[in-house]
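Peer 1: The structure follows.
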Amino acid sequence: MSSRPPHRQNTRPTMRDVAERAGVAVVTVSRVVNGIGTVREETAERVNAAITAIGYQRNEIARSLRPGQNSMTIGLLLGDLTNPFYASLAKAAVEVANEAGYAVLLSTADEDPEVERRAVGELIGRRVAGLIIVPDQGDHAFLNEINGHDHVPIVFVDRPATGAEADVVLVDNEDGGHKATQHLVDQGHRRIAILVAPSYYSTGRRLRGYRKALRRSGIEPDNDLVVTLRRGTTEEAEAATRALLTSANPPTAVFSTTGFLTEGVLRACRDLQVSIAVVGFDDFKLADMLPTPVTVVTSDTEELGRRAAHILLDRIDGDDSPSHRTVLPVQLIARGTGEIAHP
């Protein structure tokens, strides 16, 4: 998806364009778009069909802007904001944007494709200068339609998107899964369970790294030790760990693919008074303060946000080079739980 230099002549469809296509007055289009006044159903249908056909987006702040000028605002569309990962990412991106003189409009879709599509449309309608998006698992070809007239620069972060070409900034999830699993293998473990949060990309790559590390160590992955959770909550992880540890042939180690899941694993181990090796993906508060500090694979989440923001600002400033993928490294921090040897 190409970016455009600032101050290029605006090609956004206007209400007048919609009116000409629908064969109605501009005031009629305004009534339909803004939901005010009375418009016959047949006429409203014609107006809405014209809006869809030419890709018109209601402009929330056009009156405050000169023709062809975008706002000094960046849109940031993230996942679940209760997740410290996204909060940290957002904080860093906002700091970079603010330093460059841009305000940030923050929105969340929380893995809902319809909410995401609506949020993107609203942000573009507000004439944001660019967008940083954590994409859900749906097809993002719709961006080519919504953004076709505006060419607002977009950077995907944490995951790539299907159906849309744009810059993307990721962490090396597969290498992280490999590092976590290999570390447990190095402690003598062969029955290593993995708890997988639902994700079409990030945790899927961590699972791929897990399987690769086992096979390279001559261990055939056991499907009974691969637990994919429906929602990826702490409570689900706790229940799944209980089931694993009370089974006839329990694992001696667990790799949990998110911080939420790691908390659930630790709770189950505490309640069952079982000491097994644990490595989690993503660090979390007080992980190093527990009686046995938690070994984690982690990345610089703030750098993820900073890098995405810098790339977006370059695009806004006119960088029209081909889109590219940036992959940030991960590291394993050995603290204690991951160094519990095979019994």
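Chain labels follow the order of the structure tokens: the first chain is A, the next B, and so on; residue numbering restarts at 1 in every chain, and ligands are counted from 1 in their shown order.
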May I have the residues within 8 Å of region 40-52 of chain A as a ChimeraX atom specification, using only C-alpha atoms and disregarding those fewer than 6 positions away in the same chain?
Peer 2: /A:18-19,21-22,24,29,32
Peer 1: Go ahead and save the residues from that selection, with all heavy atoms, as a short mmCIF file (atom, residue, chain, number, x, y, z; two decimals), in the first residue's frame.
Peer 2:
```
data_model
loop_
_atom_site.label_atom_id
_atom_site.label_comp_id
_atom_site.auth_asym_id
_atom_site.auth_seq_id
_atom_site.Cartn_x
_atom_site.Cartn_y
_atom_site.Cartn_z
N VAL A 18 -21.23 12.27 -4.27
CA VAL A 18 -22.28 11.31 -3.93
C VAL A 18 -23.62 11.77 -4.50
O VAL A 18 -24.38 10.99 -5.09
CB VAL A 18 -22.39 11.12 -2.40
CG1 VAL A 18 -23.56 10.19 -2.07
CG2 VAL A 18 -21.09 10.55 -1.84
N ALA A 19 -23.90 13.05 -4.34
CA ALA A 19 -25.17 13.60 -4.82
C ALA A 19 -25.31 13.45 -6.33
O ALA A 19 -26.37 13.07 -6.84
CB ALA A 19 -25.28 15.07 -4.42
N ARG A 21 -23.86 11.22 -8.26
CA ARG A 21 -24.02 9.81 -8.63
C ARG A 21 -25.43 9.31 -8.31
O ARG A 21 -26.01 8.52 -9.05
CB ARG A 21 -22.97 8.96 -7.91
CG ARG A 21 -22.98 7.50 -8.38
CD ARG A 21 -21.87 6.71 -7.71
NE ARG A 21 -21.83 5.35 -8.23
CZ ARG A 21 -21.06 4.95 -9.23
NH1 ARG A 21 -20.25 5.81 -9.84
NH2 ARG A 21 -21.08 3.69 -9.64
N ALA A 22 -25.98 9.77 -7.18
CA ALA A 22 -27.30 9.30 -6.75
C ALA A 22 -28.43 10.09 -7.40
O ALA A 22 -29.60 9.69 -7.29
CB ALA A 22 -27.41 9.38 -5.23
N VAL A 24 -29.39 13.24 -6.55
CA VAL A 24 -30.13 13.95 -5.51
C VAL A 24 -29.40 15.23 -5.16
O VAL A 24 -28.29 15.48 -5.65
CB VAL A 24 -30.30 13.08 -4.24
CG1 VAL A 24 -31.07 11.80 -4.55
CG2 VAL A 24 -28.93 12.75 -3.62
N VAL A 29 -28.00 14.17 0.67
CA VAL A 29 -26.86 13.32 1.07
C VAL A 29 -26.48 13.63 2.51
O VAL A 29 -26.22 12.72 3.32
CB VAL A 29 -25.65 13.55 0.14
CG1 VAL A 29 -24.45 12.74 0.63
CG2 VAL A 29 -26.01 13.18 -1.28
N VAL A 32 -28.77 11.92 4.96
CA VAL A 32 -28.53 10.47 5.07
C VAL A 32 -27.25 10.20 5.87
O VAL A 32 -27.23 9.37 6.78
CB VAL A 32 -28.43 9.84 3.67
CG1 VAL A 32 -28.01 8.37 3.78
CG2 VAL A 32 -29.76 9.96 2.93
#
```
Peer 1: List the neighbours of Ile219 (chain A) out to 12 Å using only C-alpha atoms; skip same-chain residues closer than 2 positions along the sequence, and give me the result as a PDB file with N, CA, C and O atoms, in the first residue's frame.
Peer 2:
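Dumped everything to out_23.pdb:
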```pdb
ATOM      1  N   THR A 181      11.671 -23.717  24.329  1.00  0.00           N
ATOM      2  CA  THR A 181      11.611 -25.180  24.336  1.00  0.00           C
ATOM      3  C   THR A 181      12.999 -25.794  24.453  1.00  0.00           C
ATOM      4  O   THR A 181      13.208 -26.749  25.222  1.00  0.00           O
ATOM      5  N   GLN A 182      13.950 -25.241  23.708  1.00  0.00           N
ATOM      6  CA  GLN A 182      15.308 -25.778  23.773  1.00  0.00           C
ATOM      7  C   GLN A 182      15.894 -25.626  25.173  1.00  0.00           C
ATOM      8  O   GLN A 182      16.622 -26.509  25.656  1.00  0.00           O
ATOM      9  N   VAL A 185      14.543 -28.449  27.143  1.00  0.00           N
ATOM     10  CA  VAL A 185      15.207 -29.692  26.720  1.00  0.00           C
ATOM     11  C   VAL A 185      16.605 -29.771  27.341  1.00  0.00           C
ATOM     12  O   VAL A 185      17.044 -30.847  27.799  1.00  0.00           O
ATOM     13  N   GLY A 188      16.965 -31.362  30.585  1.00  0.00           N
ATOM     14  CA  GLY A 188      16.698 -32.804  30.643  1.00  0.00           C
ATOM     15  C   GLY A 188      15.241 -33.180  30.406  1.00  0.00           C
ATOM     16  O   GLY A 188      14.897 -34.368  30.458  1.00  0.00           O
ATOM     17  N   HIS A 189      14.378 -32.232  30.115  1.00  0.00           N
ATOM     18  CA  HIS A 189      12.949 -32.525  29.941  1.00  0.00           C
ATOM     19  C   HIS A 189      12.659 -33.069  28.544  1.00  0.00           C
ATOM     20  O   HIS A 189      13.217 -32.581  27.545  1.00  0.00           O
ATOM     21  N   ARG A 190      11.766 -34.052  28.487  1.00  0.00           N
ATOM     22  CA  ARG A 190      11.332 -34.601  27.210  1.00  0.00           C
ATOM     23  C   ARG A 190       9.809 -34.511  27.053  1.00  0.00           C
ATOM     24  O   ARG A 190       9.311 -34.461  25.934  1.00  0.00           O
ATOM     25  N   ARG A 191       9.094 -34.517  28.170  1.00  0.00           N
ATOM     26  CA  ARG A 191       7.647 -34.326  28.102  1.00  0.00           C
ATOM     27  C   ARG A 191       7.349 -32.872  28.459  1.00  0.00           C
ATOM     28  O   ARG A 191       7.161 -32.516  29.631  1.00  0.00           O
ATOM     29  N   ILE A 192       7.325 -32.051  27.406  1.00  0.00           N
ATOM     30  CA  ILE A 192       7.151 -30.607  27.569  1.00  0.00           C
ATOM     31  C   ILE A 192       5.797 -30.221  26.973  1.00  0.00           C
ATOM     32  O   ILE A 192       5.572 -30.377  25.767  1.00  0.00           O
ATOM     33  N   TYR A 210       8.394 -24.297  18.990  1.00  0.00           N
ATOM     34  CA  TYR A 210       8.340 -25.396  19.961  1.00  0.00           C
ATOM     35  C   TYR A 210       8.551 -26.737  19.260  1.00  0.00           C
ATOM     36  O   TYR A 210       9.385 -27.564  19.671  1.00  0.00           O
ATOM     37  N   ARG A 211       7.792 -26.962  18.205  1.00  0.00           N
ATOM     38  CA  ARG A 211       7.886 -28.240  17.494  1.00  0.00           C
ATOM     39  C   ARG A 211       9.248 -28.414  16.839  1.00  0.00           C
ATOM     40  O   ARG A 211       9.824 -29.513  16.834  1.00  0.00           O
ATOM     41  N   LYS A 212       9.779 -27.329  16.301  1.00  0.00           N
ATOM     42  CA  LYS A 212      11.080 -27.402  15.650  1.00  0.00           C
ATOM     43  C   LYS A 212      12.176 -27.762  16.655  1.00  0.00           C
ATOM     44  O   LYS A 212      13.055 -28.604  16.371  1.00  0.00           O
ATOM     45  N   ALA A 213      12.133 -27.156  17.841  1.00  0.00           N
ATOM     46  CA  ALA A 213      13.151 -27.437  18.863  1.00  0.00           C
ATOM     47  C   ALA A 213      13.082 -28.897  19.309  1.00  0.00           C
ATOM     48  O   ALA A 213      14.121 -29.547  19.499  1.00  0.00           O
ATOM     49  N   LEU A 214      11.861 -29.416  19.503  1.00  0.00           N
ATOM     50  CA  LEU A 214      11.727 -30.811  19.909  1.00  0.00           C
ATOM     51  C   LEU A 214      12.295 -31.751  18.852  1.00  0.00           C
ATOM     52  O   LEU A 214      13.064 -32.672  19.162  1.00  0.00           O
ATOM     53  N   ARG A 215      11.917 -31.543  17.610  1.00  0.00           N
ATOM     54  CA  ARG A 215      12.365 -32.453  16.537  1.00  0.00           C
ATOM     55  C   ARG A 215      13.873 -32.396  16.357  1.00  0.00           C
ATOM     56  O   ARG A 215      14.514 -33.419  16.109  1.00  0.00           O
ATOM     57  N   ARG A 216      14.441 -31.198  16.480  1.00  0.00           N
ATOM     58  CA  ARG A 216      15.897 -31.078  16.345  1.00  0.00           C
ATOM     59  C   ARG A 216      16.622 -31.769  17.492  1.00  0.00           C
ATOM     60  O   ARG A 216      17.816 -32.094  17.375  1.00  0.00           O
ATOM     61  N   SER A 217      15.903 -31.976  18.599  1.00  0.00           N
ATOM     62  CA  SER A 217      16.497 -32.675  19.747  1.00  0.00           C
ATOM     63  C   SER A 217      16.141 -34.162  19.734  1.00  0.00           C
ATOM     64  O   SER A 217      16.427 -34.874  20.700  1.00  0.00           O
ATOM     65  N   PRO A 221       7.027 -34.489  18.865  1.00  0.00           N
ATOM     66  CA  PRO A 221       5.990 -33.777  19.621  1.00  0.00           C
ATOM     67  C   PRO A 221       4.781 -34.669  19.897  1.00  0.00           C
ATOM     68  O   PRO A 221       4.331 -35.414  19.023  1.00  0.00           O
ATOM     69  N   ASP A 222       4.277 -34.601  21.118  1.00  0.00           N
ATOM     70  CA  ASP A 222       3.118 -35.369  21.544  1.00  0.00           C
ATOM     71  C   ASP A 222       1.895 -34.444  21.498  1.00  0.00           C
ATOM     72  O   ASP A 222       1.825 -33.462  22.239  1.00  0.00           O
TER      73      ASP A 222
END
```
Peer 1: In region 39-269 of chain A, what's strand (DSSP E) per DSSP? Answer as a count of residues only?
Peer 2: 37
Peer 1: Per DSSP on the backbone, filter region 96-173 of chain A down to the residues in alpha helix (DSSP H) and report them as a list of chain:residue names.
Peer 2: A:Val96, A:Ala97, A:Asn98, A:Glu99, A:Pro113, A:Glu114, A:Val115, A:Glu116, A:Arg117, A:Arg118, A:Ala119, A:Val120, A:Gly121, A:Glu122, A:Leu123, A:Ile124, A:Gly125, A:Phe142, A:Leu143, A:Asn144, A:Glu145, A:Ile146, A:Asn173
Peer 1: Could you give me, as an MDAnalysis selection string, the residues within 9 Å of Thr203 (chain A), counting only C-alpha atoms and dropping anything in the same chain fewer than 4 positions from it?
Peer 2: chainID A and resid 173:174 177 196:199 207:208 257:258
Peer 1: Check the smallest atom-to-atom distance from each of A:Ala277, A:Val265, A:Val296, A:Pro343 to Lys179 (chain A) using only C-alpha atoms, then report the winner.
Peer 2: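 Smallest separation from Lys179 (chain A) among the options: A:Val296.
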Peer 1: Taking only C-alpha atoms into account, produce a table as a Markdown table in which each residue of region 99-148 of chain A with an atom at most 8 Å from an atom of region 312-320 of chain A appears once, together with its shortest atom pair and the distance in Å to one decimal, ordered by chain and rising number.
Peer 2:
```
| residue | atom | partner | partner_atom | distance |
| --- | --- | --- | --- | --- |
| A:Ala129 | CA | A:Ile316 | CA | 6.6 |
| A:Gly130 | CA | A:Leu312 | CA | 6.6 |
| A:Leu131 | CA | A:Leu312 | CA | 7.5 |
| A:Ile132 | CA | A:Leu312 | CA | 7.5 |
```
Peer 1: Could you save the residues just selected, with C-alpha atoms, as an mmCIF file, in the first residue's frame?
Peer 2:
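After the write, out39.cif holds the following:
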```
data_model
loop_
_atom_site.group_PDB
_atom_site.id
_atom_site.type_symbol
_atom_site.label_atom_id
_atom_site.label_comp_id
_atom_site.auth_asym_id
_atom_site.auth_seq_id
_atom_site.Cartn_x
_atom_site.Cartn_y
_atom_site.Cartn_z
ATOM 1 C CA ALA A 129 -2.229 11.395 8.789
ATOM 2 C CA GLY A 130 -1.450 7.699 9.265
ATOM 3 C CA LEU A 131 -2.501 4.496 10.998
ATOM 4 C CA ILE A 132 -0.766 1.921 13.191
#
```
Peer 1: Work out how far CA of Glu235 (chain A) is from CA of Ala193 (chain A), in Å to one decimal.
Peer 2: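 Spanning CA of Ala193 (chain A) to CA of Glu235 (chain A) is a straight-line distance of 17.2 Å.
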Peer 1: Can you pull out every residue within 12 Å of Leu272 (chain A), counting only C-alpha atoms, but drop anything in the same chain fewer than 4 positions away, and send it as a PDB file with N, CA and C atoms, in the first residue's frame?
Peer 2:
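Here's the written file part00.pdb:
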```
ATOM      1  N   GLU A 238      -5.104 -22.056  33.875  1.00  0.00           N
ATOM      2  CA  GLU A 238      -5.056 -22.746  35.167  1.00  0.00           C
ATOM      3  C   GLU A 238      -5.763 -24.098  35.087  1.00  0.00           C
ATOM      4  N   ALA A 239      -6.959 -24.111  34.480  1.00  0.00           N
ATOM      5  CA  ALA A 239      -7.706 -25.362  34.352  1.00  0.00           C
ATOM      6  C   ALA A 239      -6.974 -26.360  33.468  1.00  0.00           C
ATOM      7  N   THR A 241      -3.744 -26.554  32.935  1.00  0.00           N
ATOM      8  CA  THR A 241      -2.554 -27.048  33.632  1.00  0.00           C
ATOM      9  C   THR A 241      -2.927 -28.086  34.683  1.00  0.00           C
ATOM     10  N   ARG A 242      -4.020 -27.862  35.393  1.00  0.00           N
ATOM     11  CA  ARG A 242      -4.501 -28.852  36.360  1.00  0.00           C
ATOM     12  C   ARG A 242      -4.757 -30.194  35.680  1.00  0.00           C
ATOM     13  N   ALA A 243      -5.414 -30.116  34.516  1.00  0.00           N
ATOM     14  CA  ALA A 243      -5.729 -31.353  33.791  1.00  0.00           C
ATOM     15  C   ALA A 243      -4.456 -32.065  33.349  1.00  0.00           C
ATOM     16  N   LEU A 244      -3.480 -31.300  32.890  1.00  0.00           N
ATOM     17  CA  LEU A 244      -2.222 -31.903  32.453  1.00  0.00           C
ATOM     18  C   LEU A 244      -1.480 -32.557  33.614  1.00  0.00           C
ATOM     19  N   LEU A 245      -1.406 -31.846  34.739  1.00  0.00           N
ATOM     20  CA  LEU A 245      -0.594 -32.320  35.864  1.00  0.00           C
ATOM     21  C   LEU A 245      -1.249 -33.466  36.628  1.00  0.00           C
ATOM     22  N   THR A 246      -2.547 -33.640  36.456  1.00  0.00           N
ATOM     23  CA  THR A 246      -3.240 -34.756  37.137  1.00  0.00           C
ATOM     24  C   THR A 246      -3.548 -35.896  36.182  1.00  0.00           C
ATOM     25  N   VAL A 265      -0.659 -21.058  34.759  1.00  0.00           N
ATOM     26  CA  VAL A 265       0.199 -22.221  35.026  1.00  0.00           C
ATOM     27  C   VAL A 265       0.742 -22.160  36.450  1.00  0.00           C
ATOM     28  N   LEU A 266       1.228 -20.998  36.849  1.00  0.00           N
ATOM     29  CA  LEU A 266       1.817 -20.860  38.185  1.00  0.00           C
ATOM     30  C   LEU A 266       0.778 -21.059  39.285  1.00  0.00           C
ATOM     31  N   ARG A 267      -0.444 -20.583  39.066  1.00  0.00           N
ATOM     32  CA  ARG A 267      -1.501 -20.784  40.055  1.00  0.00           C
ATOM     33  C   ARG A 267      -1.823 -22.261  40.231  1.00  0.00           C
ATOM     34  N   ALA A 268      -1.913 -22.976  39.112  1.00  0.00           N
ATOM     35  CA  ALA A 268      -2.216 -24.409  39.194  1.00  0.00           C
ATOM     36  C   ALA A 268      -1.104 -25.159  39.912  1.00  0.00           C
ATOM     37  N   ILE A 276       7.235 -27.964  38.743  1.00  0.00           N
ATOM     38  CA  ILE A 276       7.666 -28.338  37.404  1.00  0.00           C
ATOM     39  C   ILE A 276       8.364 -27.142  36.774  1.00  0.00           C
TER      40      ILE A 276
END
```
Peer 1: By how many Å are CA of Ala97 (chain A) and CA of Arg159 (chain A) apart?
Peer 2: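 Separation between CA of Ala97 (chain A) and CA of Arg159 (chain A): 20.8 Å.
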Peer 1: Taking 6 positions as the minimum chain separation for residues in the same chain, which residues sit within 9 Å of Thr337 (chain A) when counting only C-alpha atoms? Answer as an NGL selection string.
Peer 2: :A and (275-279 or 292-296)
Peer 1: Just write the chosen residues, C-alpha atoms, as a PDB file, in the first residue's frame.
Peer 2:
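Generated file (result.pdb):
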```pdb
ATOM      1  CA  SER A 275       7.156 -28.174  41.160  1.00  0.00           C
ATOM      2  CA  ILE A 276       7.666 -28.338  37.404  1.00  0.00           C
ATOM      3  CA  ALA A 277       9.791 -26.338  35.000  1.00  0.00           C
ATOM      4  CA  VAL A 278       8.015 -23.343  33.411  1.00  0.00           C
ATOM      5  CA  VAL A 279       9.054 -20.908  30.699  1.00  0.00           C
ATOM      6  CA  THR A 292      10.912 -18.967  42.393  1.00  0.00           C
ATOM      7  CA  PRO A 293      11.387 -16.192  39.821  1.00  0.00           C
ATOM      8  CA  VAL A 294       9.865 -16.944  36.427  1.00  0.00           C
ATOM      9  CA  THR A 295      11.997 -17.682  33.392  1.00  0.00           C
ATOM     10  CA  VAL A 296      10.640 -15.865  30.327  1.00  0.00           C
TER      11      VAL A 296
END
```
Peer 1: Here is a test: counting only C-alpha atoms, which residue of A:Phe85, A:Tyr102, A:Phe260, A:Phe284 is nearest to Met72 (chain A)?
Peer 2: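 Among the listed residues, the smallest separation from Met72 (chain A) belongs to A:Tyr102.
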Peer 1: Compare A:Phe255, A:His178, A:Asn223, A:Arg231 by their minimum atom-to-atom distance to Gly209 (chain A), counting only C-alpha atoms, and give me the closest one.
Peer 2: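 For Gly209 (chain A), the nearest of the candidates is A:His178.
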Peer 1: What's around Glu99 (chain A) at 12 Å? Count only C-alpha atoms, leave out sequence neighbours fewer than 5 positions away in its own chain, and write the answer as a PyMOL selection string.
Peer 2: chain A and resi 72+92-94+104+306+309-310+313
Peer 1: Check the smallest atom-to-atom distance from each of A:Leu170, A:Ile146, A:Leu229, A:Ala287 to Thr326 (chain A) using only C-alpha atoms, then report the winner.
Peer 2: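 Of the candidates, the smallest distance to Thr326 (chain A) is held by A:Leu170.
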Peer 1: Report, in Å with one decimal, the straight-line distance from CA of Asn144 (chain A) to CA of Ile54 (chain A).
Peer 2: 12.5 Å
